[in-house]
file entry-v7.tsv (TSV, C-alpha atoms)
chain	number	residue	atom	x	y	z
Z	1	MET	CA	15.77	-0.44	-42.87
Z	2	ASN	CA	14.38	-3.78	-41.77
Z	3	PHE	CA	12.43	-5.03	-44.84
Z	4	PRO	CA	9.61	-6.92	-43.01
Z	5	PHE	CA	9.11	-3.99	-40.61
Z	6	TYR	CA	8.91	-1.51	-43.50
Z	7	ILE	CA	6.23	-3.57	-45.30
Z	8	ALA	CA	4.30	-4.11	-42.03
Z	9	ARG	CA	4.26	-0.37	-41.36
Z	10	ARG	CA	2.94	0.31	-44.86
Z	11	TYR	CA	0.24	-2.32	-44.43
Z	12	LEU	CA	-0.84	-0.85	-41.08
Z	13	PHE	CA	-1.28	2.73	-42.27
Z	14	SER	CA	-2.25	2.19	-45.90
Z	15	LYS	CA	-5.82	1.77	-47.13
Z	16	LYS	CA	-6.85	-1.86	-47.61
Z	17	SER	CA	-8.95	-3.21	-50.45
Z	18	THR	CA	-11.57	-4.12	-47.88
Z	19	ASN	CA	-12.42	-1.15	-45.65
Z	20	ALA	CA	-13.46	-3.47	-42.81
Z	21	ILE	CA	-9.80	-4.40	-42.26
Z	22	ASN	CA	-8.91	-0.76	-41.53
Z	23	ILE	CA	-11.83	-0.55	-39.11
Z	24	ILE	CA	-10.88	-3.77	-37.30
Z	25	SER	CA	-7.24	-2.65	-37.08
Z	26	ALA	CA	-8.36	0.66	-35.56
Z	27	ILE	CA	-10.62	-1.20	-33.12
Z	28	SER	CA	-7.67	-3.43	-32.17
Z	29	VAL	CA	-5.50	-0.41	-31.35
Z	30	VAL	CA	-8.31	1.28	-29.39
Z	31	GLY	CA	-9.11	-1.93	-27.48
Z	32	VAL	CA	-5.49	-2.41	-26.43
Z	33	ALA	CA	-5.20	1.30	-25.55
Z	34	VAL	CA	-8.33	1.28	-23.37
Z	35	ALA	CA	-7.23	-1.85	-21.50
Z	36	THR	CA	-3.76	-0.36	-21.00
Z	37	MET	CA	-5.23	2.93	-19.76
Z	38	ALA	CA	-7.45	1.02	-17.29
Z	39	LEU	CA	-4.41	-0.83	-15.93
Z	40	VAL	CA	-2.40	2.36	-15.45
Z	41	VAL	CA	-5.24	4.26	-13.78
Z	42	THR	CA	-6.40	1.40	-11.55
Z	43	LEU	CA	-2.92	0.54	-10.29
Z	44	SER	CA	-2.24	4.24	-9.66
Z	45	VAL	CA	-5.42	4.53	-7.58
Z	46	PHE	CA	-4.35	1.54	-5.48
Z	47	ASN	CA	-0.95	3.21	-5.05
Z	48	GLY	CA	-2.74	6.39	-3.98
Z	49	PHE	CA	-4.66	4.60	-1.24
Z	50	HIS	CA	-1.47	2.82	-0.16
Z	51	ASP	CA	0.44	6.11	0.15
Z	52	LEU	CA	-2.53	7.76	1.90
Z	53	VAL	CA	-2.70	5.05	4.56
Z	54	ALA	CA	1.09	5.19	4.99
Z	55	SER	CA	0.98	8.97	5.49
Z	56	LEU	CA	-1.73	8.64	8.16
Z	57	LEU	CA	0.23	6.05	10.11
Z	58	THR	CA	3.35	8.22	10.28
Z	59	SER	CA	1.53	10.40	12.84
Z	60	PHE	CA	1.38	7.53	15.32
Z	61	ASP	CA	3.77	4.75	14.35
Z	62	PRO	CA	7.51	5.19	14.94
Z	63	GLN	CA	10.09	4.84	12.20
Z	64	ILE	CA	11.45	1.68	13.82
Z	65	LYS	CA	9.90	-0.51	16.49
Z	66	VAL	CA	11.85	-3.19	18.35
Z	67	VAL	CA	9.64	-5.87	19.94
Z	68	PRO	CA	10.38	-9.20	21.67
Z	69	ALA	CA	10.42	-12.16	19.31
Z	70	MET	CA	8.96	-14.35	22.06
Z	71	GLY	CA	6.46	-13.19	24.65
Z	72	LYS	CA	4.92	-9.76	25.14
Z	73	THR	CA	7.56	-8.00	27.23
Z	74	ALA	CA	11.32	-7.81	27.77
Z	75	PRO	CA	13.59	-6.23	30.42
Z	76	ALA	CA	14.05	-2.52	29.77
Z	77	ASP	CA	17.70	-2.74	30.82
Z	78	ASP	CA	18.57	-5.47	28.30
Z	79	PRO	CA	22.12	-4.68	27.06
Z	80	LEU	CA	21.03	-5.38	23.47
Z	81	LEU	CA	18.40	-2.65	23.67
Z	82	GLN	CA	20.85	-0.27	25.30
Z	83	LYS	CA	23.30	-0.93	22.47
Z	84	ILE	CA	20.63	-0.03	19.92
Z	85	CYS	CA	19.86	3.22	21.74
Z	86	GLN	CA	23.54	4.15	21.61
Z	87	LEU	CA	23.81	3.88	17.83
Z	88	PRO	CA	24.90	7.25	16.36
Z	89	GLN	CA	21.96	7.28	13.92
Z	90	VAL	CA	19.35	7.11	16.73
Z	91	ASP	CA	17.80	10.50	17.50
Z	92	VAL	CA	14.97	9.58	19.89
Z	93	ALA	CA	14.18	6.29	21.62
Z	94	THR	CA	11.33	5.69	24.07
Z	95	GLU	CA	10.19	2.66	26.01
Z	96	CYS	CA	6.55	1.60	25.71
Z	97	VAL	CA	4.27	-0.74	27.64
Z	98	GLU	CA	1.07	-1.71	25.86
Z	99	ASP	CA	-1.70	-4.14	26.78
Z	100	GLN	CA	-5.46	-4.61	27.02
Z	101	ALA	CA	-7.51	-3.06	29.82
Z	102	MET	CA	-11.11	-2.23	30.59
Z	103	ALA	CA	-11.99	1.47	30.75
Z	104	VAL	CA	-15.02	2.60	32.76
Z	105	TYR	CA	-16.42	6.11	32.75
Z	106	GLY	CA	-19.77	6.76	34.36
Z	107	ASP	CA	-22.12	3.96	33.34
Z	108	ARG	CA	-20.17	3.09	30.16
Z	109	GLN	CA	-17.30	0.72	29.65
Z	110	ALA	CA	-15.06	-0.46	26.80
Z	111	MET	CA	-12.12	-2.75	26.21
Z	112	VAL	CA	-9.19	-0.57	25.21
Z	113	THR	CA	-5.51	-0.81	24.37
Z	114	LEU	CA	-3.63	1.22	26.94
Z	115	LYS	CA	-0.25	2.46	25.71
Z	116	GLY	CA	2.19	3.83	28.25
Z	117	VAL	CA	4.94	5.98	26.74
Z	118	GLY	CA	7.83	8.15	27.88
Z	119	GLU	CA	8.00	11.93	27.68
Z	120	SER	CA	9.98	11.71	24.43
Z	121	PHE	CA	6.92	10.23	22.68
Z	122	ARG	CA	5.89	13.67	21.41
Z	123	GLU	CA	9.30	14.02	19.74
Z	124	LEU	CA	9.18	10.45	18.42
Z	125	THR	CA	5.88	10.86	16.57
Z	126	HIS	CA	3.63	13.61	15.24
Z	127	ILE	CA	1.10	13.09	18.04
Z	128	THR	CA	0.79	16.83	18.68
Z	129	ASP	CA	-0.43	17.28	15.08
Z	130	ILE	CA	-3.40	14.95	15.54
Z	131	VAL	CA	-4.78	16.04	18.94
Z	132	TYR	CA	-7.91	18.18	19.13
Z	133	GLY	CA	-9.37	20.14	22.03
Z	134	GLU	CA	-8.70	23.07	24.31
Z	135	GLY	CA	-5.87	21.45	26.25
Z	136	GLU	CA	-2.55	20.01	25.14
Z	137	PHE	CA	-1.01	16.56	24.95
Z	138	ALA	CA	0.44	15.62	28.35
Z	139	LEU	CA	1.26	12.42	30.20
Z	140	GLN	CA	1.76	13.24	33.88
Z	141	ALA	CA	1.63	16.06	36.40
Z	142	ALA	CA	2.99	15.15	39.84
Z	143	ASN	CA	1.02	12.09	40.95
Z	144	LEU	CA	-1.78	12.63	38.42
Z	145	HIS	CA	-1.70	10.71	35.16
Z	146	TYR	CA	-3.40	11.89	31.98
Z	147	GLY	CA	-5.14	9.69	29.43
Z	148	THR	CA	-5.38	10.93	25.84
Z	149	VAL	CA	-8.12	8.85	24.24
Z	150	GLY	CA	-8.79	8.10	20.59
Z	151	ILE	CA	-11.83	9.79	19.10
Z	152	GLY	CA	-13.58	6.42	18.75
Z	153	VAL	CA	-12.98	5.55	22.43
Z	154	ALA	CA	-14.35	8.97	23.37
Z	155	GLN	CA	-17.54	8.28	21.43
Z	156	THR	CA	-17.95	4.81	22.98
Z	157	LEU	CA	-17.52	6.12	26.54
Z	158	GLY	CA	-19.49	9.32	25.94
Z	159	LEU	CA	-16.53	11.60	26.53
Z	160	GLY	CA	-15.76	15.08	25.28
Z	161	ALA	CA	-12.28	16.40	24.68
Z	162	ASN	CA	-12.18	17.71	28.27
Z	163	TRP	CA	-14.10	15.14	30.30
Z	164	PRO	CA	-14.58	15.83	34.02
Z	165	GLY	CA	-13.70	13.47	36.84
Z	166	PHE	CA	-11.79	10.20	36.60
Z	167	MET	CA	-11.74	7.30	34.18
Z	168	ARG	CA	-11.23	3.97	35.88
Z	169	LEU	CA	-8.91	1.40	34.29
Z	170	TYR	CA	-8.97	-2.31	35.19
Z	171	ALA	CA	-6.36	-4.93	34.30
Z	172	PRO	CA	-6.03	-8.54	35.54
Z	173	ARG	CA	-3.59	-8.97	38.41
Z	174	ARG	CA	-0.54	-10.90	37.21
Z	175	GLU	CA	0.41	-12.50	40.50
Z	176	GLY	CA	-1.43	-14.21	43.34
Z	177	GLN	CA	-4.58	-16.33	43.47
Z	178	LEU	CA	-8.08	-15.12	42.73
Z	179	ASP	CA	-10.27	-14.72	45.81
Z	180	MET	CA	-13.69	-15.96	44.70
Z	181	ALA	CA	-15.28	-14.13	47.62
Z	182	ASN	CA	-13.94	-10.86	46.26
Z	183	PRO	CA	-13.51	-11.14	42.44
Z	184	MET	CA	-12.49	-7.48	42.13
Z	185	ASP	CA	-9.35	-8.33	44.07
Z	186	GLY	CA	-8.17	-10.08	40.90
Z	187	PHE	CA	-7.86	-6.73	39.12
Z	188	VAL	CA	-5.43	-3.86	39.41
Z	189	THR	CA	-7.36	-0.59	39.37
Z	190	ASP	CA	-6.17	2.94	38.71
Z	191	SER	CA	-7.54	6.23	37.39
Z	192	LEU	CA	-6.76	8.71	34.62
Z	193	ILE	CA	-7.79	12.33	34.12
Z	194	SER	CA	-8.29	14.27	30.91
Z	195	PRO	CA	-5.57	16.47	29.42
Z	196	GLY	CA	-8.28	18.34	27.50
Z	197	VAL	CA	-7.61	16.74	24.11
Z	198	VAL	CA	-8.41	13.60	22.12
Z	199	PHE	CA	-6.37	12.22	19.21
Z	200	MET	CA	-7.55	11.19	15.76
Z	201	VAL	CA	-5.27	9.16	13.49
Z	202	LYS	CA	-8.18	8.57	11.07
Z	203	GLN	CA	-7.51	4.85	11.39
Z	204	GLY	CA	-10.07	2.78	13.29
Z	205	ARG	CA	-7.32	0.50	14.56
Z	206	TYR	CA	-6.12	3.33	16.80
Z	207	ASP	CA	-9.02	5.75	17.11
Z	208	LYS	CA	-11.49	3.12	18.34
Z	209	SER	CA	-9.26	1.36	20.87
Z	210	HIS	CA	-6.20	3.29	22.06
Z	211	ILE	CA	-5.56	5.41	25.14
Z	212	ILE	CA	-2.13	7.02	25.55
Z	213	THR	CA	-0.83	7.57	29.06
Z	214	SER	CA	2.42	7.74	31.01
Z	215	LEU	CA	4.84	4.83	31.15
Z	216	PRO	CA	4.80	4.57	35.00
Z	217	PHE	CA	0.98	4.34	35.00
Z	218	ALA	CA	0.95	1.51	32.45
Z	219	ARG	CA	3.73	-0.39	34.23
Z	220	ASN	CA	1.88	-0.16	37.52
Z	221	LEU	CA	-1.48	-1.19	36.03
Z	222	PHE	CA	-0.10	-4.18	34.15
Z	223	GLY	CA	2.47	-5.20	36.77
Z	224	GLN	CA	5.37	-4.69	34.35
Z	225	GLN	CA	7.87	-2.78	36.48
Z	226	GLY	CA	11.23	-2.60	34.72
Z	227	MET	CA	9.76	-4.16	31.56
Z	228	LEU	CA	8.78	-2.87	28.13
Z	229	SER	CA	6.56	-4.07	25.30
Z	230	SER	CA	8.52	-2.24	22.64
Z	231	LEU	CA	11.35	0.18	22.06
Z	232	GLU	CA	10.25	2.86	19.61
Z	233	ILE	CA	12.88	4.77	17.68
Z	234	ARG	CA	13.24	7.81	15.45
Z	235	LEU	CA	16.41	8.17	13.41
Z	236	LYS	CA	18.36	11.32	12.75
Z	237	GLN	CA	17.49	13.12	9.56
Z	238	GLY	CA	19.42	11.78	6.58
Z	239	SER	CA	19.99	8.33	8.08
Z	240	ASP	CA	19.66	5.33	5.80
Z	241	LEU	CA	16.65	3.54	7.27
Z	242	ASP	CA	17.31	0.19	5.60
Z	243	ALA	CA	20.99	0.18	6.55
Z	244	VAL	CA	20.28	1.10	10.19
Z	245	LYS	CA	17.52	-1.50	10.36
Z	246	GLU	CA	19.90	-4.22	9.18
Z	247	GLN	CA	22.50	-3.04	11.71
Z	248	MET	CA	19.94	-3.31	14.50
Z	249	LYS	CA	18.94	-6.80	13.35
Z	250	ALA	CA	22.57	-7.85	13.52
Z	251	ILE	CA	22.77	-6.55	17.11
Z	252	VAL	CA	19.64	-8.23	18.50
Z	253	GLY	CA	19.80	-11.45	16.46
Z	254	THR	CA	16.72	-13.63	16.93
Z	255	LYS	CA	15.82	-12.27	20.36
Z	256	TYR	CA	13.96	-9.23	19.01
Z	257	LYS	CA	12.16	-8.19	15.84
Z	258	VAL	CA	13.09	-4.88	14.21
Z	259	LEU	CA	10.08	-3.50	12.34
Z	260	ASP	CA	9.75	-0.48	10.04
Z	261	ARG	CA	6.40	1.30	9.57
Z	262	PHE	CA	5.24	-1.05	6.82
Z	263	GLU	CA	6.11	-4.15	8.85
Z	264	GLN	CA	4.29	-2.74	11.88
Z	265	GLN	CA	1.14	-2.66	9.72
Z	266	GLU	CA	2.00	-5.78	7.75
Z	267	ASP	CA	-1.57	-7.13	7.59
Z	268	THR	CA	-2.99	-3.85	6.29
Z	269	PHE	CA	-0.42	-3.39	3.54
Z	270	LYS	CA	-0.44	-7.08	2.63
Z	271	ILE	CA	-4.21	-6.92	2.01
Z	272	MET	CA	-3.75	-3.80	-0.12
Z	273	LYS	CA	-1.05	-5.54	-2.18
Z	274	ILE	CA	-3.30	-8.57	-2.71
Z	275	GLU	CA	-6.19	-6.34	-3.80
Z	276	LYS	CA	-3.89	-4.52	-6.22
Z	277	PHE	CA	-2.61	-7.81	-7.64
Z	278	ILE	CA	-6.15	-9.17	-8.10
Z	279	ALA	CA	-7.16	-5.97	-9.91
Z	280	TYR	CA	-4.11	-6.37	-12.15
Z	281	ILE	CA	-5.07	-9.99	-12.96
Z	282	PHE	CA	-8.69	-9.10	-13.81
Z	283	LEU	CA	-7.70	-6.20	-16.03
Z	284	THR	CA	-5.10	-8.40	-17.73
Z	285	PHE	CA	-7.89	-10.82	-18.65
Z	286	ILE	CA	-9.77	-7.88	-20.19
Z	287	LEU	CA	-6.61	-7.03	-22.11
Z	288	ILE	CA	-6.42	-10.61	-23.37
Z	289	VAL	CA	-10.01	-10.37	-24.63
Z	290	ALA	CA	-9.20	-7.06	-26.33
Z	291	SER	CA	-6.20	-8.72	-27.97
Z	292	PHE	CA	-8.49	-11.12	-29.83
Z	293	ASN	CA	-9.19	-8.17	-32.14
Z	294	ILE	CA	-5.55	-8.44	-33.23
Z	295	ILE	CA	-6.15	-12.05	-34.25
Z	296	GLY	CA	-9.15	-11.04	-36.37
Z	297	SER	CA	-7.33	-8.10	-37.90
Z	298	LEU	CA	-4.28	-10.17	-38.87
Z	299	SER	CA	-6.40	-13.03	-40.21
Z	300	MET	CA	-8.26	-10.69	-42.54
Z	301	LEU	CA	-5.04	-8.91	-43.53
Z	302	ILE	CA	-3.33	-12.18	-44.49
Z	303	ILE	CA	-6.30	-13.12	-46.66
Z	304	ASP	CA	-6.42	-9.64	-48.20
Z	305	LYS	CA	-2.68	-9.65	-49.00
Z	306	LYS	CA	-2.56	-13.14	-50.50
Z	307	GLU	CA	-1.57	-11.75	-53.90
Z	308	ASP	CA	1.04	-9.50	-52.29
Z	309	VAL	CA	2.62	-12.58	-50.73
Z	310	VAL	CA	3.19	-14.02	-54.20
Z	311	THR	CA	4.68	-10.71	-55.37
Z	312	LEU	CA	7.01	-10.49	-52.39
Z	313	ARG	CA	8.18	-14.03	-52.99
Z	314	ASN	CA	8.89	-13.24	-56.65
Z	315	LEU	CA	10.91	-10.21	-55.51
Z	316	GLY	CA	13.15	-12.53	-53.50
Z	317	ALA	CA	11.57	-12.50	-50.03
Z	318	ASP	CA	11.75	-15.86	-48.32
Z	319	ASP	CA	8.97	-17.41	-46.24
Z	320	LYS	CA	10.55	-16.27	-42.96
Z	321	GLN	CA	10.57	-12.62	-44.06
Z	322	ILE	CA	6.98	-12.83	-45.26
Z	323	THR	CA	5.91	-14.33	-41.92
Z	324	GLN	CA	7.75	-11.54	-40.09
Z	325	VAL	CA	5.77	-8.94	-42.04
Z	326	PHE	CA	2.53	-10.08	-40.41
Z	327	LEU	CA	4.18	-10.61	-37.02
Z	328	PHE	CA	5.44	-7.02	-37.11
Z	329	GLU	CA	1.93	-5.92	-38.06
Z	330	GLY	CA	0.49	-7.47	-34.88
Z	331	ARG	CA	3.34	-6.14	-32.77
Z	332	LEU	CA	2.86	-2.63	-34.12
Z	333	ILE	CA	-0.82	-2.75	-33.19
Z	334	SER	CA	-0.02	-3.79	-29.61
Z	335	ALA	CA	2.88	-1.30	-29.28
Z	336	ILE	CA	0.83	1.64	-30.56
Z	337	GLY	CA	-2.10	0.65	-28.33
Z	338	ALA	CA	0.20	0.30	-25.32
Z	339	ALA	CA	1.87	3.68	-25.91
Z	340	ALA	CA	-1.46	5.45	-26.45
Z	341	GLY	CA	-3.02	3.80	-23.40
Z	342	ILE	CA	-0.12	4.72	-21.15
Z	343	ILE	CA	-0.13	8.35	-22.34
Z	344	VAL	CA	-3.88	8.70	-21.82
Z	345	GLY	CA	-3.69	6.88	-18.48
Z	346	LEU	CA	-0.93	9.17	-17.19
Z	347	LEU	CA	-2.89	12.20	-18.40
Z	348	LEU	CA	-5.99	11.04	-16.50
Z	349	CYS	CA	-3.88	10.44	-13.39
Z	350	TRP	CA	-2.43	13.95	-13.63
Z	351	LEU	CA	-5.93	15.44	-14.03
Z	352	GLN	CA	-7.17	13.50	-11.00
Z	353	GLN	CA	-4.17	14.59	-8.92
Z	354	THR	CA	-4.53	18.21	-9.97
Z	355	TYR	CA	-8.30	18.73	-10.10
Z	356	GLY	CA	-9.81	15.73	-8.24
Z	357	LEU	CA	-12.26	15.02	-11.04
Z	358	VAL	CA	-13.67	11.83	-9.48
Z	359	ALA	CA	-14.94	12.46	-5.94
Z	360	LEU	CA	-15.27	9.85	-3.20
Z	361	GLY	CA	-18.63	11.13	-2.05
Z	362	ASN	CA	-21.33	13.65	-2.80
Z	363	SER	CA	-20.53	15.80	0.25
Z	364	SER	CA	-17.22	17.40	1.09
Z	365	GLY	CA	-15.64	16.21	4.32
Z	366	MET	CA	-17.34	12.81	4.42
Z	367	PHE	CA	-14.02	11.04	3.83
Z	368	ILE	CA	-10.38	11.64	4.72
Z	369	VAL	CA	-9.87	12.96	1.19
Z	370	ASP	CA	-12.56	14.35	-1.10
Z	371	ALA	CA	-11.32	12.69	-4.32
Z	372	TYR	CA	-9.78	9.35	-5.20
Z	373	PRO	CA	-6.06	9.55	-4.37
Z	374	VAL	CA	-3.70	8.76	-7.24
Z	375	SER	CA	0.02	8.00	-7.14
Z	376	VAL	CA	1.89	6.98	-10.28
Z	377	HIS	CA	4.67	4.47	-9.65
Z	378	TYR	CA	6.72	4.17	-12.80
Z	379	GLU	CA	7.71	0.59	-12.08
Z	380	ASP	CA	3.98	-0.20	-12.41
Z	381	VAL	CA	3.87	1.63	-15.73
Z	382	LEU	CA	6.82	-0.47	-16.93
Z	383	ILE	CA	5.08	-3.67	-15.81
Z	384	VAL	CA	1.91	-2.64	-17.65
Z	385	PHE	CA	3.85	-1.89	-20.83
Z	386	ILE	CA	5.67	-5.25	-20.70
Z	387	THR	CA	2.36	-7.06	-20.02
Z	388	VAL	CA	0.61	-5.41	-22.96
Z	389	ILE	CA	3.49	-6.04	-25.36
Z	390	ALA	CA	3.83	-9.67	-24.27
Z	391	ILE	CA	0.11	-10.41	-24.68
Z	392	GLY	CA	-0.06	-8.53	-27.99
Z	393	TRP	CA	2.91	-10.37	-29.42
Z	394	LEU	CA	1.55	-13.74	-28.31
Z	395	ALA	CA	-1.82	-12.87	-29.84
Z	396	ALA	CA	-0.08	-12.08	-33.14
Z	397	TRP	CA	2.18	-15.15	-33.17
Z	398	TYR	CA	-0.42	-17.92	-33.28
Z	399	PRO	CA	-2.66	-16.77	-36.17
Z	400	VAL	CA	0.33	-15.67	-38.25
Z	401	ARG	CA	1.99	-19.05	-37.84
Z	402	MET	CA	-1.17	-20.99	-38.65
Z	403	LEU	CA	-2.43	-18.91	-41.54
Z	404	SER	CA	0.94	-18.24	-43.09
Z	405	ARG	CA	1.59	-21.99	-43.34
Z	406	LYS	CA	-1.56	-22.31	-45.43
Z	407	LEU	CA	-1.13	-19.27	-47.62
Z	408	ILE	CA	2.63	-19.14	-47.94
Z	409	GLY	CA	3.24	-22.87	-48.01
call {"tool": "encode", "arguments": {"input": "entry-v7.tsv", "output": "structure tokens"}}
result
Amino acid sequence: MNFPFYIARRYLFSKKSTNAINIISAISVVGVAVATMALVVTLSVFNGFHDLVASLLTSFDPQIKVVPAMGKTAPADDPLLQKICQLPQVDVATECVEDQAMAVYGDRQAMVTLKGVGESFRELTHITDIVYGEGEFALQAANLHYGTVGIGVAQTLGLGANWPGFMRLYAPRREGQLDMANPMDGFVTDSLISPGVVFMVKQGRYDKSHIITSLPFARNLFGQQGMLSSLEIRLKQGSDLDAVKEQMKAIVGTKYKVLDRFEQQEDTFKIMKIEKFIAYIFLTFILIVASFNIIGSLSMLIIDKKEDVVTLRNLGADDKQITQVFLFEGRLISAIGAAAGIIVGLLLCWLQQTYGLVALGNSSGMFIVDAYPVSVHYEDVLIVFITVIAIGWLAAWYPVRMLSRKLIG
């Protein structure tokens, strides 16, 4: 057995001549454990919100989205895009045209994002799972074009799920000169009817601005015949997303961007990562403050064991071994605190996942979920453990080095 570790373990669990040392040692362990538990729980809550947002976006965003690297549109018959569609891993691919327009219904109006999609859009996404009303999701019937509006757009325009009459859409004309005598001639105008449903992604980015309609309607309104804003793709089940994505990037080069779901919402997930990192930094500072208890505990222990140092030296222990005794003491405190904090933190996460102990609001149904979402990522647990051990060991190193030079030397 390692001699310094054996002595350090005896010192940690044995009764000291001064009872305050035992109390301070216990406080040190509890302080490190509480800070560790807070790190585990907080990071898991951030992970829970991250996974929740990701799960909501899967209902609307495609697995892979190919967009022009320059400009807003590209030719739909581009051989590079056709080559991507012919990959064996591609299950569904649909062309999309998306741009801003003004929607007018009755005496209300709103700027909206009109998204024209192909008939395969319902197979590409889970749109049919997030529509509500008495009708069904549809894009076109003969010469009539349907417009499925987001729940927020419906509220802004005063619409129900099955609104009567026509909604007028206006988009700037792309070609020709504006006739100042007739300003309305500068707009392309067309109408949509209701399919009897609205959609709700539970994300304001979509619910408050988007209208889904047929691809021919959008191309006509925006003057984008034969063009597309994006090529949206779903892969066959079991396909390696990362491998296929890299293959597509190799095909299109720098002409197009190939985006997965997280890259399509890069700003949202980047903000969440920054918030998580800031929370980690703040809680690490709390851990550093808690680690000062280790300094006090070791300082008092070195003073209390001054006579033992002489005895150990007489028994043949050199100064390095004696110094390691107190270093191991500090490291044991941080290791025990880290282990206890992680165990308690994981237990609290399990309780929250299972029973939803901490609610988001006082009334059920006010939020997307009733309780704080929690998702334990074990790489985060490993990072927390390494952080706690590193800070604890650094906290033990300085006082042991300084005080041992005085008492041992």
call {"tool": "closest_residue", "arguments": {"input": "entry-v7.tsv", "among": "Z:Leu312, Z:Ser44, Z:Phe385, Z:Pro216", "to": "Z:Ala142", "atoms": "only C-alpha atoms"}}
result
Z:Pro216
call {"tool": "atom_distance", "arguments": {"input": "entry-v7.tsv", "atom1": "atom CA of Z:Pro62", "atom2": "atom CA of Z:Thr268"}}
result
16.3 Å
call {"tool": "closest_residue", "arguments": {"input": "entry-v7.tsv", "among": "Z:Leu357, Z:His377, Z:Ser55, Z:Ala396", "to": "Z:Leu301", "atoms": "only C-alpha atoms"}}
result
Z:Ala396
call {"tool": "residues_around", "arguments": {"input": "entry-v7.tsv", "residues": "stretch 278-282 of chain Z", "least_positions_apart": "4", "cutoff": "7 Å", "atoms": "only C-alpha atoms", "output": "mmCIF file with C-alpha atoms, in the frame of the given file"}}
result
data_model
loop_
_atom_site.group_PDB
_atom_site.id
_atom_site.type_symbol
_atom_site.label_atom_id
_atom_site.label_comp_id
_atom_site.auth_asym_id
_atom_site.auth_seq_id
_atom_site.Cartn_x
_atom_site.Cartn_y
_atom_site.Cartn_z
ATOM 1 C CA LEU Z 39 -4.410 -0.830 -15.930
ATOM 2 C CA ILE Z 274 -3.300 -8.570 -2.710
ATOM 3 C CA ILE Z 286 -9.770 -7.880 -20.190
#
call {"tool": "atom_distance", "arguments": {"input": "entry-v7.tsv", "atom1": "atom CA of Z:Tyr355", "atom2": "atom CA of Z:Val369"}}
result
12.8 Å
call {"tool": "residues_near_point", "arguments": {"input": "entry-v7.tsv", "point": "(-6.0, 21.9, 21.6)", "cutoff": "9 Å", "atoms": "all atoms listed in the file", "output": "list in words"}}
result
Thr128, Val131, Tyr132, Gly133, Glu134, Gly135, Glu136, Phe137, Ala161, Gly196, Val197 and Val198 of chain Z
call {"tool": "residues_around", "arguments": {"input": "entry-v7.tsv", "residues": "Z:Leu221", "least_positions_apart": "6", "cutoff": "7 Å", "atoms": "all atoms listed in the file", "output": "PyMOL selection string"}}
result
chain Z and resi 171+188-190
call {"tool": "closest_residue", "arguments": {"input": "entry-v7.tsv", "among": "Z:Gln265, Z:Asn293, Z:Leu144, Z:Ala103", "to": "Z:Ala26", "atoms": "all atoms listed in the file"}}
result
Z:Asn293
call {"tool": "closest_residue", "arguments": {"input": "entry-v7.tsv", "among": "Z:Ile322, Z:Ile295, Z:Leu346, Z:Val374", "to": "Z:Trp397", "atoms": "all atoms listed in the file"}}
result
Z:Ile295
call {"tool": "closest_residue", "arguments": {"input": "entry-v7.tsv", "among": "Z:Leu228, Z:Ala371, Z:Leu287, Z:Ile233", "to": "Z:Asp77", "atoms": "only C-alpha atoms"}}
result
Z:Leu228
call {"tool": "closest_atom_pairs", "arguments": {"input": "entry-v7.tsv", "of": "stretch 41-79 of chain Z", "to": "stretch 83-90 of chain Z", "cutoff": "12 Å", "atoms": "all atoms listed in the file", "output": "CSV"}}
result
residue,atom,partner,partner_atom,distance
Z:Gln63,CA,Z:Val90,CA,10.6
Z:Ile64,CA,Z:Val90,CA,10.0
Z:Lys65,CA,Z:Ile84,CA,11.3
Z:Val66,CA,Z:Ile84,CA,9.5
Z:Ala76,CA,Z:Cys85,CA,11.5
Z:Asp77,CA,Z:Lys83,CA,10.2
Z:Asp78,CA,Z:Lys83,CA,8.8
Z:Pro79,CA,Z:Lys83,CA,6.0
call {"tool": "build_atoms", "arguments": {"input": "entry-v7.tsv", "residues": "stretch 141-148 of chain Z", "atoms": "N, CA and C atoms", "output": "PDB file, in the coordinates of the input"}}
result
ATOM      1  N   ALA Z 141       1.369  14.855  35.614  1.00  0.00           N
ATOM      2  CA  ALA Z 141       1.630  16.060  36.400  1.00  0.00           C
ATOM      3  C   ALA Z 141       1.640  15.632  37.862  1.00  0.00           C
ATOM      4  N   ALA Z 142       2.820  15.642  38.458  1.00  0.00           N
ATOM      5  CA  ALA Z 142       2.990  15.150  39.840  1.00  0.00           C
ATOM      6  C   ALA Z 142       2.497  13.711  39.921  1.00  0.00           C
ATOM      7  N   ASN Z 143       1.532  13.455  40.807  1.00  0.00           N
ATOM      8  CA  ASN Z 143       1.020  12.090  40.950  1.00  0.00           C
ATOM      9  C   ASN Z 143      -0.202  11.823  40.089  1.00  0.00           C
ATOM     10  N   LEU Z 144      -0.624  12.793  39.296  1.00  0.00           N
ATOM     11  CA  LEU Z 144      -1.780  12.630  38.420  1.00  0.00           C
ATOM     12  C   LEU Z 144      -1.313  12.181  37.038  1.00  0.00           C
ATOM     13  N   HIS Z 145      -2.045  11.240  36.477  1.00  0.00           N
ATOM     14  CA  HIS Z 145      -1.700  10.710  35.160  1.00  0.00           C
ATOM     15  C   HIS Z 145      -2.826  11.033  34.186  1.00  0.00           C
ATOM     16  N   TYR Z 146      -2.426  11.525  33.012  1.00  0.00           N
ATOM     17  CA  TYR Z 146      -3.400  11.890  31.980  1.00  0.00           C
ATOM     18  C   TYR Z 146      -3.628  10.711  31.029  1.00  0.00           C
ATOM     19  N   GLY Z 147      -4.826  10.688  30.449  1.00  0.00           N
ATOM     20  CA  GLY Z 147      -5.140   9.690  29.430  1.00  0.00           C
ATOM     21  C   GLY Z 147      -5.686  10.370  28.191  1.00  0.00           C
ATOM     22  N   THR Z 148      -4.923  10.360  27.116  1.00  0.00           N
ATOM     23  CA  THR Z 148      -5.380  10.930  25.840  1.00  0.00           C
ATOM     24  C   THR Z 148      -6.042   9.819  25.049  1.00  0.00           C
TER      25      THR Z 148
END
